[in-house]
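Peer 1: Below you'll find the structure I mean.
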Amino acid sequence: MKTIDIHTQTQDCRIIIVDSFPDLELYVKSKRTVIITDNNVSRFYRHFFPAWDIIETGSGETVKTLDTVEFIYNKLLDLEIDRSCFILGIGGGIVCDITGFAASTYMRGIPFGFVSSTLLSQVDASIGGKNGVNFRGFKNMIGVFNQPSFVICNTRMLETLPRDEFINGFGEIVKYAAIGDRNLFSFLEENYENALALDKNVLERCIYDCLIIKSSIVEKDEKESNERRKLNFGHTIGHALESITGLKHGEAVSIGMVFAANLSVRRNLLTIDEAKRLIRLLSLLGLPTHVETDKEKIKDAVRKDKKREGKNIRFVLLKSIGEAIIQEITLEELEEVIDNDMR
Ligand SMILES: NC(=O)c1ccc[n+]([C@@H]2O[C@H](COP(=O)([O-])OP(=O)(O)OC[C@H]3O[C@@H](n4cnc5c(N)ncnc54)[C@H](O)[C@@H]3O)[C@@H](O)[C@H]2O)c1
């Protein structure tokens, strides 16, 4: 078991990495707890849950909406849940995002925590206090910053993940290595086969190293006014592709990182060799590095990106593997690169 503590202005959060399904009653001190989970996680793990009330949602990006949040509010009201209770999300990034948002807004906020069940949510989505839902097809448009009390990352749960969902998680792992940890990047290059074979030690090292980067950034800049923007490496184009193509989050971020690396080369920040290293690692891990899409739709989605400010967008670029930099780019330049560099 490994633990990492995140201290922020709003709330402290303990992250616990374990390799078996934990006794959840040890972590929750409230008199009453409600579990929010999705249908797949419920199917595999319900028998491990304590005898607490359960709210079960559907799964997939299409359920990450205000309608699902309303469904949860109704259930919470029917169950007579009040602010002395605790809400526990058990699932991947979608369950965590929805649970965190519902718990933060129901009765102006109820304490909550997560058991994170996908690789992507263990290295990224369940950590850091961003909770929200999509709106009118745009990613994470409605949401709040609010830290969970704890996040339990159970690596054993990764064994039941569908293969494509497991590989999806490496999109975010490579992101962390690319923006902040050259050693982790080299480790992945040397150990990608073991990682893909679910080697426990390799996965634990990847998860721990990503969480160390994320927690130190979140502690410095919880509400994303500066340093935390670096975590958006690959996400401007990634979010656009996710909305348009139905690619999974990590897959879309993978293509977004290739776009950002090429833009970094174009701006004389990154060498071509380093950009090729990034693309090679993504391919070795089975992630996509390009996709055929409607460029007009990408441009439209980028115009609606939360990172846009007026005619400019703050874009995360690489100076080298392990070092990110944020530069302003005009929408005009970005659209030109989309037209010329994307297939
Ligand atoms: N809040 C943040 O900071 C943040 C960061 C990155 C991504 N995200 C969000 O996370 C979401 C993606 O999360 P995800 O990739 O975990 O997807 P997900 O939550 O949809 O989970 C993927 C699939 O695996 C199933 N599943 C989950 N755990 C399982 C298990 N242990 N065994 C078998 N099946 C399991 C789910 O039911 C789902 O079908 C996106 O909406 C993205 O925007 C949020």
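We name chains A, B, ... following the order of the structure tokens; residues begin at 1 in each chain, and ligands are numbered from 1 as shown.
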Where does DSSP see alpha helix (DSSP H) in stretch 193-278 of chain A, if you list the residues as a VMD selection string?

Peer 2: chain A and resid 193 to 196 200 to 220 235 to 245 249 to 266 272 to 278

Peer 1: Dump C-alpha atoms for the selected residues as a PDB file, in the first residue's frame?

Peer 2:
```pdb
ATOM      1  CA  GLU A 193       5.470  -4.703 -22.616  1.00  0.00           C
ATOM      2  CA  ASN A 194       5.326  -5.456 -18.885  1.00  0.00           C
ATOM      3  CA  ALA A 195       2.965  -2.548 -18.361  1.00  0.00           C
ATOM      4  CA  LEU A 196       0.649  -3.889 -21.061  1.00  0.00           C
ATOM      5  CA  LYS A 200       1.743  -5.125 -10.813  1.00  0.00           C
ATOM      6  CA  ASN A 201       5.043  -3.451  -9.925  1.00  0.00           C
ATOM      7  CA  VAL A 202       5.310  -1.604 -13.229  1.00  0.00           C
ATOM      8  CA  LEU A 203       1.724  -0.361 -13.018  1.00  0.00           C
ATOM      9  CA  GLU A 204       2.115   0.704  -9.402  1.00  0.00           C
ATOM     10  CA  ARG A 205       5.231   2.707 -10.270  1.00  0.00           C
ATOM     11  CA  CYS A 206       3.413   4.392 -13.206  1.00  0.00           C
ATOM     12  CA  ILE A 207       0.366   5.272 -11.073  1.00  0.00           C
ATOM     13  CA  TYR A 208       2.470   6.514  -8.153  1.00  0.00           C
ATOM     14  CA  ASP A 209       4.747   8.668 -10.326  1.00  0.00           C
ATOM     15  CA  CYS A 210       1.781  10.259 -12.155  1.00  0.00           C
ATOM     16  CA  LEU A 211       0.061  11.000  -8.847  1.00  0.00           C
ATOM     17  CA  ILE A 212       3.183  12.614  -7.418  1.00  0.00           C
ATOM     18  CA  ILE A 213       3.252  15.005 -10.410  1.00  0.00           C
ATOM     19  CA  LYS A 214      -0.474  15.690 -10.261  1.00  0.00           C
ATOM     20  CA  SER A 215      -0.610  16.219  -6.493  1.00  0.00           C
ATOM     21  CA  SER A 216       2.316  18.644  -6.495  1.00  0.00           C
ATOM     22  CA  ILE A 217       0.726  20.673  -9.315  1.00  0.00           C
ATOM     23  CA  VAL A 218      -2.741  20.670  -7.697  1.00  0.00           C
ATOM     24  CA  GLU A 219      -1.266  21.803  -4.368  1.00  0.00           C
ATOM     25  CA  LYS A 220       0.325  24.803  -6.090  1.00  0.00           C
ATOM     26  CA  HIS A 235      -6.376  18.142 -24.302  1.00  0.00           C
ATOM     27  CA  THR A 236      -7.314  21.088 -26.555  1.00  0.00           C
ATOM     28  CA  ILE A 237      -7.403  18.920 -29.653  1.00  0.00           C
ATOM     29  CA  GLY A 238      -8.108  15.844 -27.508  1.00  0.00           C
ATOM     30  CA  HIS A 239     -11.371  17.201 -26.102  1.00  0.00           C
ATOM     31  CA  ALA A 240     -12.448  18.327 -29.570  1.00  0.00           C
ATOM     32  CA  LEU A 241     -11.779  14.852 -30.997  1.00  0.00           C
ATOM     33  CA  GLU A 242     -13.495  13.161 -28.060  1.00  0.00           C
ATOM     34  CA  SER A 243     -16.661  15.198 -28.650  1.00  0.00           C
ATOM     35  CA  ILE A 244     -16.657  14.732 -32.426  1.00  0.00           C
ATOM     36  CA  THR A 245     -15.354  11.231 -33.068  1.00  0.00           C
ATOM     37  CA  HIS A 249     -10.499  10.184 -23.592  1.00  0.00           C
ATOM     38  CA  GLY A 250      -6.964   8.716 -23.506  1.00  0.00           C
ATOM     39  CA  GLU A 251      -7.060   7.897 -27.233  1.00  0.00           C
ATOM     40  CA  ALA A 252      -8.153  11.431 -28.110  1.00  0.00           C
ATOM     41  CA  VAL A 253      -5.498  12.910 -25.797  1.00  0.00           C
ATOM     42  CA  SER A 254      -2.899  10.702 -27.516  1.00  0.00           C
ATOM     43  CA  ILE A 255      -3.703  12.287 -30.888  1.00  0.00           C
ATOM     44  CA  GLY A 256      -3.874  15.705 -29.200  1.00  0.00           C
ATOM     45  CA  MET A 257      -0.354  15.175 -27.803  1.00  0.00           C
ATOM     46  CA  VAL A 258       0.988  14.337 -31.258  1.00  0.00           C
ATOM     47  CA  PHE A 259      -0.593  17.559 -32.568  1.00  0.00           C
ATOM     48  CA  ALA A 260       0.926  19.567 -29.680  1.00  0.00           C
ATOM     49  CA  ALA A 261       4.360  17.964 -30.152  1.00  0.00           C
ATOM     50  CA  ASN A 262       4.326  18.822 -33.868  1.00  0.00           C
ATOM     51  CA  LEU A 263       3.276  22.375 -33.016  1.00  0.00           C
ATOM     52  CA  SER A 264       6.158  22.517 -30.502  1.00  0.00           C
ATOM     53  CA  VAL A 265       8.570  21.519 -33.286  1.00  0.00           C
ATOM     54  CA  ARG A 266       7.021  24.122 -35.589  1.00  0.00           C
ATOM     55  CA  ILE A 272      11.997  16.477 -34.230  1.00  0.00           C
ATOM     56  CA  ASP A 273      13.723  13.508 -32.565  1.00  0.00           C
ATOM     57  CA  GLU A 274      11.939  14.146 -29.247  1.00  0.00           C
ATOM     58  CA  ALA A 275       8.592  14.495 -31.043  1.00  0.00           C
ATOM     59  CA  LYS A 276       9.265  11.160 -32.784  1.00  0.00           C
ATOM     60  CA  ARG A 277      10.091   9.567 -29.415  1.00  0.00           C
ATOM     61  CA  LEU A 278       6.693  10.624 -28.104  1.00  0.00           C
TER      62      LEU A 278
END
```

Peer 1: Name each residue within 6 Å of ligand 1, counting only C-alpha atoms and all ligand atoms, as an MDAnalysis selection string.

Peer 2: chainID A and resid 38 40:41 59:61 91:95 97 117:118 120:121 124:126 130:131 157:158 160:161 165 249

Peer 1: Do a neighbour search on stretch 62-73 of chain A at 7 Å with only C-alpha atoms, toss out local chain neighbours closer than 5 positions, and write the hits as a list in words.

Peer 2: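 Neighbouring residues, sequence-local ones excluded: Ile94, Ile98, Ala102, Tyr106, Val133, Asn134 and Phe135 of chain A.
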
Peer 1: Would you mind telling me which residue in A:Ile167, A:Ile90, A:Leu334, A:Ile16 lies nearest to A:Phe44 when using only C-alpha atoms?

Peer 2: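 So, comparing all the options, the nearest one is A:Ile90.
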
Peer 1: Can you tell me how far atom CA of A:Leu188 sits from atom CA of A:Arg314, in Å to one decimal?

Peer 2: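 So the answer is 28.2 Å.
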
Peer 1: Considering only C-alpha atoms, return as a list in words whatever protein or nucleic-acid residues lie within 8 Å of A:Ala178, sequence-local ones (same chain, fewer than 3 positions apart) excluded.

Peer 2: Val174, Lys175, Asp181, Arg182, Phe185, Leu278, Leu318, Ser320, Ile321, Gly322, Glu323 and Ala324 of chain A

Peer 1: Can you write just those residues out, C-alpha atoms, as a PDB file, in the first residue's frame?

Peer 2:
```pdb
ATOM      1  CA  VAL A 174       2.367   9.300 -21.222  1.00  0.00           C
ATOM      2  CA  LYS A 175       1.036  12.836 -20.738  1.00  0.00           C
ATOM      3  CA  ASP A 181       9.025  13.218 -15.663  1.00  0.00           C
ATOM      4  CA  ARG A 182      11.694  12.256 -18.185  1.00  0.00           C
ATOM      5  CA  PHE A 185       9.115   8.376 -19.905  1.00  0.00           C
ATOM      6  CA  LEU A 278       6.693  10.624 -28.104  1.00  0.00           C
ATOM      7  CA  LEU A 318       6.842  20.756 -24.965  1.00  0.00           C
ATOM      8  CA  SER A 320      11.682  18.621 -24.220  1.00  0.00           C
ATOM      9  CA  ILE A 321      10.403  15.259 -23.011  1.00  0.00           C
ATOM     10  CA  GLY A 322       9.685  15.981 -19.328  1.00  0.00           C
ATOM     11  CA  GLU A 323       9.282  19.754 -19.653  1.00  0.00           C
ATOM     12  CA  ALA A 324       6.130  21.596 -20.702  1.00  0.00           C
TER      13      ALA A 324
END
```

Peer 1: Stretch 31-268 of chain A: which residues are strand (DSSP E) by DSSP, as a PyMOL selection string?

Peer 2: chain A and resi 33-38+53-57+86-91+112-116+130-135+138-145+150-154

Peer 1: Output as a Markdown table one row per residue of stretch 94-190 of chain A within 12 Å of stretch 80-83 of chain A: the closest atom pair and its distance in Å to one decimal place, counting only C-alpha atoms, sorted by chain and residue number ascending.

Peer 2:
```
| residue | atom | partner | partner_atom | distance |
| --- | --- | --- | --- | --- |
| A:Ala103 | CA | A:Arg83 | CA | 9.7 |
| A:Ser104 | CA | A:Arg83 | CA | 10.6 |
| A:Thr105 | CA | A:Arg83 | CA | 11.1 |
| A:Tyr106 | CA | A:Arg83 | CA | 8.8 |
| A:Met107 | CA | A:Arg83 | CA | 7.0 |
| A:Arg108 | CA | A:Arg83 | CA | 8.7 |
| A:Gly109 | CA | A:Arg83 | CA | 7.2 |
| A:Ile110 | CA | A:Arg83 | CA | 5.2 |
| A:Pro111 | CA | A:Arg83 | CA | 7.7 |
| A:Phe112 | CA | A:Arg83 | CA | 10.6 |
```

Peer 1: Keeping only N, CA, C and O atoms, write those residues as a PDB file, in the first residue's frame.

Peer 2:
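Output file again-v2.pdb follows:
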```pdb
ATOM      1  N   ALA A 103     -22.345  15.311  -5.496  1.00  0.00           N
ATOM      2  CA  ALA A 103     -22.099  15.449  -4.057  1.00  0.00           C
ATOM      3  C   ALA A 103     -21.759  16.894  -3.690  1.00  0.00           C
ATOM      4  O   ALA A 103     -22.132  17.371  -2.622  1.00  0.00           O
ATOM      5  N   SER A 104     -21.088  17.601  -4.583  1.00  0.00           N
ATOM      6  CA  SER A 104     -20.680  18.984  -4.282  1.00  0.00           C
ATOM      7  C   SER A 104     -21.837  19.972  -4.365  1.00  0.00           C
ATOM      8  O   SER A 104     -21.761  21.058  -3.795  1.00  0.00           O
ATOM      9  N   THR A 105     -22.891  19.596  -5.081  1.00  0.00           N
ATOM     10  CA  THR A 105     -23.982  20.541  -5.299  1.00  0.00           C
ATOM     11  C   THR A 105     -25.258  20.173  -4.530  1.00  0.00           C
ATOM     12  O   THR A 105     -26.045  21.058  -4.200  1.00  0.00           O
ATOM     13  N   TYR A 106     -25.470  18.885  -4.248  1.00  0.00           N
ATOM     14  CA  TYR A 106     -26.666  18.466  -3.492  1.00  0.00           C
ATOM     15  C   TYR A 106     -26.573  19.062  -2.085  1.00  0.00           C
ATOM     16  O   TYR A 106     -25.571  18.878  -1.387  1.00  0.00           O
ATOM     17  N   MET A 107     -27.586  19.788  -1.681  1.00  0.00           N
ATOM     18  CA  MET A 107     -27.616  20.460  -0.376  1.00  0.00           C
ATOM     19  C   MET A 107     -26.358  21.306  -0.139  1.00  0.00           C
ATOM     20  O   MET A 107     -25.818  21.343   0.954  1.00  0.00           O
ATOM     21  N   ARG A 108     -25.864  21.919  -1.168  1.00  0.00           N
ATOM     22  CA  ARG A 108     -24.645  22.747  -1.147  1.00  0.00           C
ATOM     23  C   ARG A 108     -23.389  21.975  -0.741  1.00  0.00           C
ATOM     24  O   ARG A 108     -22.381  22.550  -0.350  1.00  0.00           O
ATOM     25  N   GLY A 109     -23.461  20.662  -0.825  1.00  0.00           N
ATOM     26  CA  GLY A 109     -22.231  19.900  -0.625  1.00  0.00           C
ATOM     27  C   GLY A 109     -22.265  18.902   0.507  1.00  0.00           C
ATOM     28  O   GLY A 109     -22.545  19.223   1.644  1.00  0.00           O
ATOM     29  N   ILE A 110     -21.978  17.647   0.120  1.00  0.00           N
ATOM     30  CA  ILE A 110     -21.907  16.531   1.070  1.00  0.00           C
ATOM     31  C   ILE A 110     -20.506  15.930   0.919  1.00  0.00           C
ATOM     32  O   ILE A 110     -19.990  15.874  -0.198  1.00  0.00           O
ATOM     33  N   PRO A 111     -19.874  15.481   2.017  1.00  0.00           N
ATOM     34  CA  PRO A 111     -18.549  14.876   1.858  1.00  0.00           C
ATOM     35  C   PRO A 111     -18.591  13.650   0.937  1.00  0.00           C
ATOM     36  O   PRO A 111     -19.579  12.905   0.935  1.00  0.00           O
ATOM     37  N   PHE A 112     -17.526  13.490   0.184  1.00  0.00           N
ATOM     38  CA  PHE A 112     -17.510  12.374  -0.767  1.00  0.00           C
ATOM     39  C   PHE A 112     -16.097  11.830  -0.939  1.00  0.00           C
ATOM     40  O   PHE A 112     -15.113  12.482  -0.585  1.00  0.00           O
TER      41      PHE A 112
END
```

Peer 1: Figure out the distance between atom CA of A:Ile6 and atom CA of A:Phe101, please, to one decimal in Å.

Peer 2: 19.3 Å

Peer 1: Would you compute the distance between atom CA of A:Leu331 and atom CA of A:Leu317? Give it in Å to one decimal.

Peer 2: 15.4 Å

Peer 1: Would you mind telling me which residue in A:Asn340, A:Glu292, A:Asp19, A:Glu159 lies nearest to A:Ala197 when using only C-alpha atoms?

Peer 2: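 The answer is A:Glu159, which sits nearest to A:Ala197.
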
Peer 1: Please provide the set of residues having any atom within 10 Å of A:Asn39, restricted to only C-alpha atoms, with same-chain residues fewer than 3 positions apart removed, written as a PyMOL selection string.

Peer 2: chain A and resi 42-44+46+55-59+91

Peer 1: Would you mind telling me which residue in A:Glu222, A:Tyr27, A:Asn191, A:Asn154 lies nearest to A:His7 when using only C-alpha atoms?

Peer 2: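 Selected residue with least distance to A:His7: A:Glu222.
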